[in-house]
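Asker: Next up, final.txt (compact mmCIF, C-alpha atoms and all ligand atoms).
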# COMPACT_ATOMS: atom_id res chain seq x y z
CA MET A 80 54.99 93.15 120.00
CA ALA A 81 51.66 94.84 119.62
CA ARG A 82 52.65 98.37 120.46
CA VAL A 83 54.14 98.81 117.05
CA LEU A 84 51.09 97.85 115.08
CA LYS A 85 48.32 99.42 117.03
CA GLN A 86 49.33 102.90 116.16
CA CYS A 87 48.38 102.60 112.55
CA SER A 88 44.66 102.43 112.71
CA SER A 89 43.73 106.10 112.43
CA SER A 90 45.94 106.63 109.41
CA VAL A 91 45.95 103.09 108.09
CA ALA A 92 45.44 103.90 104.43
CA PHE A 93 48.13 106.53 104.35
CA LEU A 94 50.67 104.62 106.37
CA VAL A 95 50.23 101.39 104.48
CA LEU A 96 50.69 103.27 101.24
CA ILE A 97 54.14 104.35 102.26
CA GLY A 98 54.75 101.12 104.11
CA VAL A 99 55.42 102.55 107.55
CA VAL A 100 54.03 100.23 110.17
CA SER A 101 55.41 101.88 113.23
CA HIS A 102 55.24 105.26 114.89
CA ALA A 103 54.13 108.30 112.99
CA THR A 104 55.20 111.83 113.85
CA THR A 105 53.56 115.23 114.08
CA GLU A 106 53.79 116.09 110.44
CA TRP A 107 51.64 113.22 109.28
CA PRO A 108 47.99 113.76 108.47
CA ASN A 109 45.57 114.00 111.39
CA ASP A 110 48.23 115.31 113.69
CA VAL A 111 45.98 115.48 116.68
CA SER A 112 43.85 112.37 116.56
CA ASN A 113 42.27 112.93 119.92
CA ILE A 114 41.52 116.45 120.98
CA ASN A 115 40.98 115.30 124.59
CA PHE A 116 44.51 114.02 124.73
CA GLY A 117 46.22 117.03 123.31
CA HIS A 118 49.05 117.66 120.96
CA THR A 119 51.04 114.52 120.54
CA ASN A 120 50.51 112.92 117.16
CA SER A 121 48.08 111.07 114.98
CA SER A 122 49.07 107.66 116.28
CA HIS A 123 48.45 108.58 119.87
CA MET A 124 45.47 106.72 121.30
CA SER A 125 44.51 105.67 117.84
CA LEU A 126 43.10 102.24 118.57
CA ALA A 127 41.45 101.36 121.87
CA HIS A 128 42.58 104.72 123.11
CA SER A 129 40.78 106.83 120.57
CA ASP A 130 38.36 108.35 123.09
CA VAL A 131 40.80 108.52 125.94
CA SER A 132 41.59 111.77 127.64
CA ARG A 133 44.85 112.42 129.46
CA HIS A 134 43.03 111.93 132.70
CA ASP A 135 41.75 108.51 131.53
CA PHE A 136 45.25 107.54 130.46
CA MET A 137 46.71 108.61 133.76
CA LYS A 138 44.39 106.36 135.78
CA ALA A 139 44.10 103.49 133.27
CA LYS A 140 44.73 99.99 134.63
CA ALA A 141 48.20 98.84 133.67
CA THR A 142 48.81 95.13 134.20
CA GLN A 143 52.04 93.19 133.89
CA LYS A 144 51.73 89.49 133.09
CA ASP A 145 54.46 86.85 133.48
CA ASP A 146 57.00 89.64 133.74
CA TYR A 147 56.67 89.52 129.96
CA VAL A 148 53.99 91.99 128.85
CA LEU A 149 52.54 95.27 130.04
CA LEU A 150 48.89 95.64 129.07
CA MET A 151 46.79 98.80 129.04
CA PHE A 152 43.33 99.04 127.49
CA ASP A 153 43.74 95.36 126.56
CA GLU A 154 46.69 96.20 124.34
CA ILE A 155 50.36 95.45 124.71
CA VAL A 156 52.25 98.59 125.62
CA MET A 157 55.57 96.86 126.19
CA ALA A 158 56.94 93.31 126.08
CA ARG A 159 60.17 91.46 126.81
CA ASP A 160 60.46 90.44 123.17
CA GLU A 161 61.84 93.95 122.68
CA GLU A 162 64.73 93.54 125.08
CA GLY A 163 67.32 93.12 122.32
CA GLY A 164 66.18 96.26 120.52
CA ILE A 165 65.90 98.32 123.70
CA GLU A 166 69.42 97.35 124.71
CA GLN A 167 70.65 98.79 121.41
CA TYR A 168 68.92 102.11 122.14
CA VAL A 169 70.56 102.27 125.55
CA ASN A 170 73.98 101.43 124.07
CA ALA A 171 73.50 104.28 121.60
CA LEU A 172 72.44 106.58 124.44
CA ILE A 173 75.46 105.79 126.61
CA PRO A 174 78.17 104.90 124.11
CA GLU A 175 81.10 105.82 126.28
CA GLY A 176 79.69 104.56 129.58
CA ASN A 177 80.82 107.86 131.11
CA ASN A 178 78.41 108.22 134.01
CA PRO A 179 75.92 110.51 132.27
CA ARG A 180 73.00 112.53 133.59
CA LEU A 181 69.96 111.07 131.86
CA LEU A 182 66.32 111.86 131.24
CA GLU A 183 63.96 109.03 130.31
CA ILE A 184 60.40 109.48 129.11
CA GLY A 185 58.07 106.49 129.59
CA PHE A 186 59.04 103.83 132.17
CA GLY A 187 56.92 100.93 130.85
CA MET A 188 58.41 97.72 132.26
CA GLY A 189 61.67 99.36 133.21
CA ILE A 190 63.60 97.35 130.61
CA SER A 191 65.52 100.36 129.30
CA ALA A 192 65.87 101.66 132.88
CA ASP A 193 67.54 98.38 133.89
CA PHE A 194 69.94 98.54 130.94
CA ILE A 195 70.74 102.16 131.81
CA HIS A 196 71.69 101.25 135.38
CA LYS A 197 73.73 98.25 134.26
CA ARG A 198 75.70 100.61 132.03
CA GLY A 199 75.93 103.21 134.79
CA CYS A 200 74.71 106.78 135.20
CA ALA A 201 75.13 109.73 137.54
CA SER A 202 71.45 110.61 137.56
CA HIS A 203 68.30 109.29 135.93
CA THR A 204 65.16 111.42 135.84
CA ILE A 205 62.13 109.43 134.65
CA ILE A 206 58.83 110.96 133.55
CA GLU A 207 55.86 108.58 133.59
CA ALA A 208 52.22 109.48 132.95
CA ASN A 209 50.32 106.40 134.15
CA ALA A 210 49.67 105.94 137.87
CA ASP A 211 49.91 102.13 137.89
CA VAL A 212 53.19 102.22 135.98
CA MET A 213 54.38 104.93 138.34
CA LYS A 214 53.82 102.58 141.29
CA THR A 215 55.95 99.96 139.53
CA LEU A 216 58.58 102.63 138.99
CA VAL A 217 58.63 103.49 142.68
CA ASP A 218 59.07 99.78 143.60
CA TRP A 219 61.75 99.40 140.95
CA ARG A 220 63.56 102.46 142.26
CA ILE A 221 63.65 101.07 145.82
CA LYS A 222 64.97 97.71 144.59
CA ARG A 223 67.50 99.25 142.21
CA ALA A 224 68.99 101.35 145.01
CA GLU A 225 70.55 98.10 146.33
CA SER A 226 72.74 97.73 143.27
CA SER A 227 73.03 101.19 141.68
CA ASN A 228 74.32 104.49 143.00
CA CYS A 229 72.74 106.40 140.14
CA LEU A 230 70.32 108.98 141.55
CA VAL A 231 66.77 108.28 140.35
CA THR A 232 64.17 111.06 140.29
CA PRO A 233 60.71 109.88 139.21
CA ILE A 234 58.31 112.52 137.91
CA PHE A 235 54.65 111.62 137.65
CA GLY A 236 52.99 113.35 134.70
CA PHE A 237 52.97 113.79 130.97
CA TRP A 238 56.26 114.83 129.43
CA GLU A 239 54.34 117.52 127.56
CA ASP A 240 53.62 119.20 130.90
CA ALA A 241 56.72 118.25 132.85
CA VAL A 242 59.69 119.11 130.63
CA SER A 243 59.16 122.87 130.79
CA GLN A 244 60.09 122.56 134.49
CA LEU A 245 63.49 121.11 133.59
CA GLY A 246 66.47 123.34 132.94
CA ALA A 247 68.25 123.89 129.63
CA ASN A 248 71.63 122.20 129.05
CA THR A 249 71.02 119.74 131.86
CA TYR A 250 71.29 116.22 130.42
CA ASP A 251 73.93 114.16 128.65
CA GLY A 252 71.28 111.86 127.22
CA ILE A 253 67.54 111.55 126.68
CA MET A 254 65.74 108.26 126.07
CA TYR A 255 62.25 108.76 124.65
CA ASP A 256 59.74 105.92 124.47
CA PRO A 257 56.32 107.12 125.64
CA HIS A 258 54.28 104.72 123.56
CA PRO A 259 51.90 105.28 121.92
CA SER A 260 53.54 108.63 121.11
CA THR A 261 56.43 109.07 118.75
CA ALA A 262 59.14 111.69 118.44
CA THR A 263 57.32 114.89 117.53
CA VAL A 264 58.68 118.33 116.61
CA PRO A 265 57.71 119.77 120.04
CA PHE A 266 59.53 116.94 121.80
CA LEU A 267 62.65 117.14 119.64
CA LYS A 268 62.82 120.90 120.21
CA GLU A 269 62.62 120.39 123.96
CA ALA A 270 65.19 117.61 123.77
CA ARG A 271 67.68 119.95 122.10
CA ARG A 272 67.06 122.58 124.75
CA LEU A 273 67.50 120.12 127.62
CA LEU A 274 70.68 118.51 126.30
CA ARG A 275 74.15 119.77 127.03
CA PRO A 276 76.54 120.09 124.08
CA GLY A 277 77.72 116.54 123.36
CA GLY A 278 74.42 115.11 124.68
CA ARG A 279 72.44 112.55 122.71
CA VAL A 280 68.75 111.93 122.15
CA VAL A 281 67.51 108.45 121.37
CA PHE A 282 63.91 107.74 120.48
CA PHE A 283 62.02 104.56 119.69
CA LEU A 284 61.45 104.05 115.97
CA SER A 285 60.73 100.80 114.15
CA VAL A 286 59.28 99.33 110.97
CA TYR A 287 58.02 95.89 110.03
CA ASP A 288 58.94 96.26 106.39
CA ASN A 289 62.65 96.76 105.76
CA ARG A 290 61.92 98.46 102.48
CA THR A 291 60.46 101.39 104.37
CA VAL A 292 63.54 102.12 106.50
CA ALA A 293 64.94 104.77 104.17
CA ALA A 294 61.63 106.64 103.78
CA THR A 295 60.97 106.48 107.51
CA TRP A 296 64.38 107.90 108.30
CA ARG A 297 64.06 110.63 105.67
CA HIS A 298 60.81 111.68 107.32
CA THR A 299 62.38 111.58 110.79
CA ASN A 300 65.35 113.56 109.56
CA ARG A 301 62.99 116.28 108.32
CA THR A 302 61.23 116.27 111.69
CA LEU A 303 64.56 116.70 113.46
CA ARG A 304 65.52 119.63 111.25
CA LYS A 305 62.13 121.26 111.81
CA ALA A 306 62.84 120.98 115.52
CA GLY A 307 66.11 122.89 115.13
CA TRP A 308 68.64 120.08 114.83
CA HIS A 309 71.47 120.71 112.39
CA ASP A 310 72.62 118.38 109.64
CA ASP A 311 75.98 117.80 111.29
CA GLU A 312 74.22 116.69 114.46
CA ILE A 313 72.24 113.96 112.73
CA GLY A 314 74.24 110.81 112.01
CA LYS A 315 73.31 107.71 110.09
CA PRO A 316 71.00 105.55 112.24
CA LYS A 317 71.93 102.01 113.13
CA LEU A 318 69.56 99.17 112.36
CA PHE A 319 68.78 96.22 114.58
CA HIS A 320 66.67 93.27 113.49
CA GLY A 321 64.43 91.63 116.05
CA GLU A 322 61.25 89.61 116.31
CA VAL A 323 58.17 90.63 118.26
CA MET A 324 54.67 89.40 118.91
CA ALA A 325 52.19 90.76 116.42
CA ASP A 326 49.35 92.95 117.66
CA CYS A 327 47.56 90.63 120.04
CA GLY A 328 46.93 92.33 123.39
CA HIS A 329 43.64 90.67 124.32
CA LYS A 330 44.78 87.34 122.85
CA TYR A 331 47.87 87.19 125.04
CA THR A 332 48.04 83.96 127.04
CA LYS A 333 51.73 83.36 127.73
CA PRO A 334 55.16 84.56 126.64
CA GLY A 335 55.39 84.36 122.87
CA PRO A 336 55.53 83.26 120.26
CA THR A 337 52.19 81.46 120.47
CA GLU A 338 49.68 80.49 117.84
CA GLU A 339 47.56 83.56 118.61
CA CYS A 340 50.55 85.84 119.02
CA PRO A 341 53.21 84.76 116.52
CA PHE A 342 56.50 86.55 116.20
CA ARG A 343 57.14 88.74 113.22
CA PRO A 344 60.33 90.45 112.16
CA LEU A 345 60.83 94.05 113.17
CA THR A 346 63.61 96.47 112.32
CA TYR A 347 64.58 98.97 114.98
CA ILE A 348 65.97 102.25 113.74
CA ILE A 349 68.43 103.57 116.28
CA PRO A 350 69.09 107.30 115.93
CA ASP A 351 72.55 108.79 116.17
CA VAL A 352 71.64 112.37 117.11
CA LYS A 353 74.08 114.42 119.12
CA LYS A 354 73.83 118.09 120.07
CA LYS A 355 76.94 120.05 119.12
CA LYS A 356 76.46 123.45 120.62
CA ASP A 357 73.80 126.08 121.10
CA VAL A 358 73.55 128.53 118.27
CA PRO A 359 73.18 131.98 119.85
CA THR A 360 69.69 133.36 119.36
CA LEU A 361 68.67 137.00 118.95
CA ALA A 362 67.56 136.95 122.60
CA ASP A 363 71.06 135.78 123.66
CA HIS A 364 72.53 138.58 121.56
CA ASP A 365 70.31 141.16 123.29
CA THR A 366 71.23 139.81 126.73
CA ALA A 367 74.94 139.86 125.84
CA THR A 368 74.65 143.43 124.56
CA GLU A 369 72.84 144.50 127.73
CA ALA A 370 75.52 142.85 129.89
CA TRP A 371 78.23 144.57 127.87
CA SER A 372 76.48 147.95 128.21
CA ASP A 373 76.09 147.39 131.97
CA THR A 374 79.79 146.61 132.33
CA ARG A 375 80.72 149.64 130.27
CA ALA A 376 78.34 151.88 132.20
CA GLN A 377 79.87 150.65 135.45
CA SER A 378 83.44 151.22 134.25
CA GLU A 379 82.51 154.74 133.19
CA LEU A 380 81.19 155.58 136.64
C1 LIG A 401 56.54 101.44 125.66
S1 LIG A 401 56.46 101.89 127.33
C2 LIG A 401 58.13 102.31 127.70
C3 LIG A 401 58.98 101.10 127.65
C4 LIG A 401 60.32 101.28 128.33
N1 LIG A 401 61.25 101.93 127.45
C5 LIG A 401 60.85 99.91 128.70
O1 LIG A 401 61.96 99.58 128.24
O2 LIG A 401 60.18 99.19 129.46
C6 LIG A 401 55.69 103.51 127.24
C7 LIG A 401 55.46 104.17 128.60
O3 LIG A 401 55.28 105.55 128.36
C8 LIG A 401 54.23 106.04 129.21
N2 LIG A 401 53.70 107.25 128.53
C9 LIG A 401 52.88 107.32 127.46
N3 LIG A 401 52.66 108.60 127.10
C10 LIG A 401 53.38 109.36 127.96
C11 LIG A 401 53.59 110.76 128.08
N4 LIG A 401 53.01 111.61 127.24
N5 LIG A 401 54.41 111.21 129.06
C12 LIG A 401 55.01 110.33 129.92
N6 LIG A 401 54.84 108.99 129.85
C13 LIG A 401 54.05 108.50 128.88
C14 LIG A 401 53.26 104.86 129.28
O4 LIG A 401 52.41 104.97 130.40
C15 LIG A 401 54.23 103.69 129.35
O5 LIG A 401 54.58 103.41 130.67
Is it possible to give me this structure as structure tokens?

Answerer:
Amino acid sequence: MARVLKQCSSSVAFLVLIGVVSHATTEWPNDVSNINFGHTNSSHMSLAHSDVSRHDFMKAKATQKDDYVLLMFDEIVMARDEEGGIEQYVNALIPEGNNPRLLEIGFGMGISADFIHKRGCASHTIIEANADVMKTLVDWRIKRAESSNCLVTPIFGFWEDAVSQLGANTYDGIMYDPHPSTATVPFLKEARRLLRPGGRVVFFLSVYDNRTVAATWRHTNRTLRKAGWHDDEIGKPKLFHGEVMADCGHKYTKPGPTEECPFRPLTYIIPDVKKKKDVPTLADHDTATEAWSDTRAQSEL
């Protein structure tokens, strides 16, 4: 589907050189492609969205067609042709099916949200930045309540603003797919803070050219480590091969493949990233020392 391709335009030359067709991350050149949008990454808003501010994005028309595609700015943001890949991300997020507390970023068509509820969860907090999509999320939530006991808490806003309101060590899993963003250092840092020990973060990552899988993962691995993840928390990703419509938002007529929107192979890279435990920081040490001194002072009274 188109959402994979459209992100390349601002850094086309560079990305094609290394063969990465999908999401870039913060370390790539032109980290902030759109100053109005803020710190996300170079791929954010890179095509039709290049002049879009956060406010524009928030109120942009989001249209679903045929229950198959979600279009914004005449581009495909999400499509059903990704169902197979998305299911793999959810399976990686909830491997044990142990009723986790989850955070999801980017509702889209609710495909991952549906898989999450089929697998089961204790709670599901969803952050969504677009108002039209948010309305779909509210409708979905009402309908889902008929078949799922999992507590859903929708949050309207950008994850970049919202996550600081969420407590540390809160979630067993985080699913991150706020297209057109990718997993950035700031996000991965926050993810580690929000996860409980044993919690997993899963983020959307894909390439058209299989030969670029290794380089893409090496880059992602570096991004994870910059964000504070440890080597023993980063496992070998799983790969899933799917087929999606090529970049064809305004040419979309009906569920693909069509002549205008042919399918092309896509490899999903499914991270295996699990938080082990919090490494005590200097601040924790100071707090512990203060607590110890307080206890001692009290016992000496
Ligand atoms: C590709 S869709 C998500 C697809 C979803 N996983 C599914 O299975 O249907 C991306 C969604 O993220 C939202 N989004 C984009 N940037 C965001 C941000 N910074 N914070 C929160 N939501 C964002 C978009 O409005 C869109 O609804």

Asker: Looking at A:Asp160, A:Asp311, A:Asp357, A:Asp218, which one is nearest to ligand LIG 401 (chain A), with distances taken over all atoms listed in the file?

Answerer: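 Of all the options, A:Asp160 lies closest to ligand LIG 401 (chain A).
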
Asker: Return as a ChimeraX atom specification the residues of protein, DNA or RNA that approach ligand LIG 401 (chain A) to within 7 Å, with all atoms listed in the file taken into account.

Answerer: /A:156-157,165,184-192,206-209,212,236-239,256-260

Asker: Would you list the contacts of region 280-289 of chain A as a count of residues only, taking every protein, DNA or RNA residue within 10 Å and counting all atoms listed in the file, but skipping same-chain residues closer than 3 positions in sequence?

Answerer: 60

Asker: Can you tell me, as lines of an AutoDock Vina configuration file, the centre and edge lengths (Å, one decimal) of the axis-aligned box enclosing all of region 318-329 of chain A's listed atoms after padding each side by 4 Å?

Answerer:
center_x = 56.6
center_y = 94.3
center_z = 118.3
size_x = 33.9
size_y = 17.8
size_z = 20.0

Asker: Would you mind telling me which residue in A:Thr204, A:Ser132, A:Thr263, A:Ser243 lies nearest to Leu216 (chain A) when using all atoms listed in the file?

Answerer: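 Closest residue, counting all atoms listed in the file: A:Thr204.
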
Asker: Which distance in Å separates CA of His196 (chain A) and CA of Leu245 (chain A), to one decimal?

Answerer: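 About the pair CA of His196 (chain A) and CA of Leu245 (chain A): they are 21.6 Å apart.
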
Asker: Counting all atoms listed in the file, what is within 9 Å of His309 (chain A), bar same-chain residues fewer than 5 positions away, as an MDAnalysis selection string?

Answerer: chainID A and resid 303:304 354:355

Asker: Do a neighbour search on Pro341 (chain A) at 8 Å with only C-alpha atoms, toss out local chain neighbours closer than 3 positions, and write the hits as an MDAnalysis selection string.

Answerer: chainID A and resid 323:325 335:338

Asker: Figure out the distance between CA of Val264 (chain A) and CA of Asp211 (chain A), please, to one decimal in Å.

Answerer: 28.1 Å
